[in-house]
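The structure appears below as structure tokens.
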Amino acid sequence: MRLSRSAKVILGVVTVLVFLFIYVPLLLVVVNSFNADRTFGWPPRGLTLEWWGRAFDSAGVRGAVVSSLWVAAVSTIISLVLGTLLALALLRYKFFGRDVISLLVILPIALPGIVTGIALNNMFTTILGVSLSLWTVVIAHATFCMVTVFNNVIARLRRMNGGLEEASADLGAGVFTTFRLVTFPQLRSALLAGGLLAFALSFDEIIVTTFTIGAGDTTLPIWILQNLFRPNQAPVVNVVAVVLIVVSIVPIWLAQRLSEDSVGIGAARVKAKEG
Amino acid sequence: MVLPTQHPAPGAPRAASAVPPPKANRFSALLHRSPRLRLAGLITAPAGWLVLVYIAALAALLITAFWTVDTFTGKVSTDWTTDNLVTVLTDPVYQRITLRTLWIAVAVTVIDLVLALPMAFFIAKVASARWQKLLVVAVLMPLWASYLVKAYAWRNVLADGGLLEWLGAPIGLQSPGYGETAVILTLSYIWLPFMILPIYAGFDRVPDSLLEASGDLGAKPLTTVRLVMLPLLVPSIIAGTIFTFSLSLGDYITAQIVGGTTQMLGTVVYANVGAANNLPFAAAVSLVPIAIITLYLFIVRRTGALDSL
């Protein structure tokens with residue numbers, strides 16, 4: 001098939017337009033975080049750093065940043081442990097129910113976030129009678145972050161040479177010593193990549209969070225949602241939104257450099273379900 | 001004659017053979033001998049977590065949909081009833097909301113398909129190898145920006161006196177304002193990369209030689225696209241539509257941010273969890289998108305699209 005020159009040009013122009021469609025709204029948020037006009041009239045009449053200063057001074061924003069970091073860190077640690085154990089079990093052993101469990105691990109991302117959210121909310125409040133807090137958010141986040149770690153570790157294990165572990169055992173190293181000195185060093189970058197993805201997923205997650213967070217707690221996305229409709233907070237919301245863009249994209253960029261497995265269509269699927 | 005004592009002086013290094021191995025070593029040896037024990041050690045925590053936290057929660061959700069809320073105390077009562085489901089399925093209000101949600105999901109899917117097809121084709125088949133890599137990264141990066149921020153960005157774009165009005169003014173176009181159209185636009189925006197990626201991967205898998213053969217045999221480019229490319233692409237296109245369709249069905253944040261008063265299934269679920277405090281009813285409503293998605297997956301299963309997810 002030989003495309004005419006004009007067909008190629010038309011396709012190229014469409015591609016450029018779609019890219020503009022993808023990037024312009026995000027850039028608009030960045031520009032508006034410096035927009036002197038509080039109602040974001042376009043084009044901006046002047047630029048200011050006032051909103052960034054106000055965001056840094058806001059106790060509410062600082063508290064939300066701390067909560068978000070804490071939730072993301074704890075859920076990442078839990079999902080690192082659980083995801084690695086699961087990947088080792090599913091790849092190294094054949095057992096009854098193995099297929100069911102490998103389906104189970106993707107279920108939290110296969111169903112829409114709202115289903116996961118309401119199912120956990122119902123479990124905590126109606127069935128168990130637990131009051132919602134940041135801990136319930138951590139439990140929810142760890143459940144779907146586990147998949148990113150699992151995906152990264154299992155992809156690495158598939159390419160790893162099992163002979164090294166056997167050699168280590170033959171040379172007298174125990175099960176734990178072999179893991180510490182032979183398996184773990186080979187998994188390290190996959191764990192780092194999976195952990196970064198899990199962190200980024202948890203840090204800006206909003207849907208499941210709204211269903212599992214306690215009344216008095218605020219993460220950064222929740223803070224945005226609460227202040228979105230307050231006109232006098234709008235400029236600060238823009239600043240927080242920019243911070244959220246940066247904090248979610250930088251770990252992904254790092255993860256991509258660490259591991260080829262982590263940022264592909266499979267990883268996008270994870271992101272798709274959790275927003 | 002005094003025999004040297006068997007016990008070394010305190011603090012002196014112990015000879016391995018003289019003392020029983022420490023507990024950790026014995027445990028390690030036991031694990032080494034028994035693969036089953038190793039497996040149990042690995043699988044218990046993660047499988048337990050998934051079953052106790054997630055599967056139990058889903059099962060409870062299904063059961064809760066058949067419970068009810070005591071109107072006086074506001075507490076959930078565990079009497080079995082199908083009232084919630086009957087209301088969701090027969091009340092015209094909820095029928096309208098279900099239809100509107102379906103319409104929004106279909107519109108978003110069609111818009112994304114129309115935008116993604118030429119772009120994915122350009123990236124996979126026209127751009128040079130170096131540009132191809134760059135463009136794929138350019139599609140992937142914004143995909144990772146927060147869903148909330150993207151919806152918020154469109155609140156800015158669509159605002160009174162905002163960018164869209166400024167852009168549309170010279171050609172006499174107005175911003176649609178916050179409402180159903182805004183929801184469709186914003187959701188199309190948010191889910192677009194999820195449509196582009198599988199279709200790009202699909203185009204990329206079609207060998208160039210096949211297209212050249214079609215051209216050599218006299219087919220015009222459009223004929224080649226219609227008869228050679230599209231049939232091979234069907235699974236990828238369906239994979240993309242699964243994303244856009246099912247993600248739009250469950251949405252409620254976008255509807256809240258740019259939808260004005262637009263009600264979707266997700267907003268009904270959220271309202272019943274929060275303000276109305278009727279979890280059984282929220283559970284019943286949430287079964288509707290689950291059922292629609294399951295039905296859709298069931299229909300497209302034969303095309304093999306699920307394997308390319």
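Ordering of the structure tokens sets the chain letters (A, B, ...), residue numbers begin anew at 1 in every chain, and ligands are numbered from 1 in the order given.
All residues in segment 64-288 of chain B with a DSSP state of strand (DSSP E), computed from the backbone, read Thr68, Val69, Val76 and Ser77 of chain B.
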message = Show me, as a ChimeraX atom specification, the residues that have an atom within 10 Å of Leu164 of chain A when counting only C-alpha atoms, minus same-chain residues fewer than 5 positions from it.
response = /A:169-170,178,182-183
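For segment 186-196 of chain A, the residues within 6 Å (counting only C-alpha atoms, excluding itself and residues fewer than 3 positions away along the chain) are Thr76, Thr148, Val149, Asn152, Val153, Thr183, Phe199, Pro251, Ala255 and Leu258 of chain A.
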Just to be explicit: take each residue in the selection above, keep N, CA and C atoms, and write the result as a PDB file, in the first residue's frame.
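Written file, part-v3.pdb:
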```
ATOM      1  N   THR A  76       2.400   0.915  49.471  1.00  0.00           N
ATOM      2  CA  THR A  76       3.467   0.401  48.605  1.00  0.00           C
ATOM      3  C   THR A  76       4.248  -0.706  49.311  1.00  0.00           C
ATOM      4  N   THR A 148       0.575  -4.239  40.443  1.00  0.00           N
ATOM      5  CA  THR A 148       1.694  -3.650  39.704  1.00  0.00           C
ATOM      6  C   THR A 148       3.002  -4.317  40.113  1.00  0.00           C
ATOM      7  N   VAL A 149       3.146  -4.575  41.420  1.00  0.00           N
ATOM      8  CA  VAL A 149       4.354  -5.255  41.887  1.00  0.00           C
ATOM      9  C   VAL A 149       4.386  -6.667  41.331  1.00  0.00           C
ATOM     10  N   ASN A 152       5.423  -6.796  37.655  1.00  0.00           N
ATOM     11  CA  ASN A 152       6.839  -6.537  37.442  1.00  0.00           C
ATOM     12  C   ASN A 152       7.707  -7.706  37.889  1.00  0.00           C
ATOM     13  N   VAL A 153       7.383  -8.249  39.070  1.00  0.00           N
ATOM     14  CA  VAL A 153       8.219  -9.321  39.615  1.00  0.00           C
ATOM     15  C   VAL A 153       8.083 -10.585  38.779  1.00  0.00           C
ATOM     16  N   THR A 183      18.478 -14.353  44.869  1.00  0.00           N
ATOM     17  CA  THR A 183      17.224 -13.969  44.219  1.00  0.00           C
ATOM     18  C   THR A 183      16.986 -12.459  44.311  1.00  0.00           C
ATOM     19  N   PHE A 199       3.306   3.366  44.134  1.00  0.00           N
ATOM     20  CA  PHE A 199       3.288   4.644  44.840  1.00  0.00           C
ATOM     21  C   PHE A 199       2.519   5.693  44.040  1.00  0.00           C
ATOM     22  N   PRO A 251       7.558   9.390  39.001  1.00  0.00           N
ATOM     23  CA  PRO A 251       7.846   7.982  39.317  1.00  0.00           C
ATOM     24  C   PRO A 251       7.665   7.059  38.114  1.00  0.00           C
ATOM     25  N   ALA A 255      10.322   4.614  36.627  1.00  0.00           N
ATOM     26  CA  ALA A 255      10.020   3.181  36.541  1.00  0.00           C
ATOM     27  C   ALA A 255      10.282   2.675  35.129  1.00  0.00           C
ATOM     28  N   LEU A 258      13.806   2.015  34.671  1.00  0.00           N
ATOM     29  CA  LEU A 258      14.312   0.880  35.453  1.00  0.00           C
ATOM     30  C   LEU A 258      13.924  -0.451  34.860  1.00  0.00           C
TER      31      LEU A 258
END
```
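Minimum atom-to-atom distances from B:Met195, B:Leu85, B:Leu185, B:Val53 to Trp67 of chain B were compared using only C-alpha atoms, and the lowest value belongs to B:Leu85.
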task = Extract, using only C-alpha atoms, all DNA, RNA and protein residues at most 9 Å from Thr64 of chain B, discarding same-chain residues fewer than 4 positions from it, and format them as a ChimeraX atom specification.
result = /A:122,126 /B:59-60,68,76,78,279-281,283-284
With N, CA and C atoms kept, could you save the residues just selected as a compact mmCIF listing (two decimals), in the first residue's frame?
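What ended up in again16.txt:
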```
# COMPACT_ATOMS: atom_id res chain seq x y z
N ASN A 122 -18.81 -1.02 51.95
CA ASN A 122 -19.86 -1.86 52.51
C ASN A 122 -19.28 -2.88 53.50
N THR A 126 -20.81 -1.70 56.93
CA THR A 126 -21.99 -2.50 57.23
C THR A 126 -21.64 -3.85 57.85
N ALA B 59 -18.59 -10.45 47.62
CA ALA B 59 -19.71 -11.33 48.01
C ALA B 59 -20.67 -10.57 48.91
N ALA B 60 -20.10 -9.81 49.85
CA ALA B 60 -20.96 -9.05 50.76
C ALA B 60 -21.77 -8.00 50.01
N THR B 68 -32.08 -4.21 53.27
CA THR B 68 -32.80 -2.95 53.19
C THR B 68 -32.39 -2.06 54.36
N VAL B 76 -28.92 -0.68 58.64
CA VAL B 76 -29.18 -1.72 57.65
C VAL B 76 -29.88 -2.89 58.34
N THR B 78 -31.27 -6.84 57.93
CA THR B 78 -30.85 -7.96 57.10
C THR B 78 -32.02 -8.82 56.63
N LEU B 279 -26.87 2.02 51.82
CA LEU B 279 -25.91 1.13 51.17
C LEU B 279 -26.55 0.00 50.37
N PRO B 280 -27.62 -0.64 50.91
CA PRO B 280 -28.24 -1.71 50.12
C PRO B 280 -28.68 -1.21 48.74
N PHE B 281 -29.24 0.00 48.69
CA PHE B 281 -29.69 0.51 47.39
C PHE B 281 -28.48 0.82 46.49
N ALA B 283 -25.66 -0.66 46.55
CA ALA B 283 -25.15 -1.95 46.10
C ALA B 283 -25.96 -2.45 44.91
N ALA B 284 -27.29 -2.30 45.01
CA ALA B 284 -28.16 -2.75 43.92
C ALA B 284 -27.87 -1.97 42.64
```
inquiry  = Counting only C-alpha atoms, which residue out of B:Ala271, B:Ala169, B:Val137, B:Leu287 sits closest to Leu89 of chain B?
reply    =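 Ranking B:Ala271, B:Ala169, B:Val137, B:Leu287 by distance to Leu89 of chain B, first place goes to B:Leu287.
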request  = Could you tell me which of A:Leu197, A:Met160, A:Leu82, A:Ala87 comes closest to chain B if we count only C-alpha atoms?
outcome  =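 Among the listed residues, the smallest separation from chain B belongs to A:Leu82.
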ask   = Hey, what does DSSP flag as helix (DSSP H, G or I) within segment 37-241 of chain A? Can you give it to me as a PyMOL selection string?
value = chain A and resi 50-57+59-92+98-110+113-128+134-159+162-170+175-203+207-212+220-227+231-241
query = Skipping near chain neighbours, those fewer than 4 positions away, what residues fall within 12 Å of Leu37 of chain B using only C-alpha atoms, listed as an MDAnalysis selection string?
reply = (chainID A and resid 89 93 175) or (chainID B and resid 27:33 41:44)
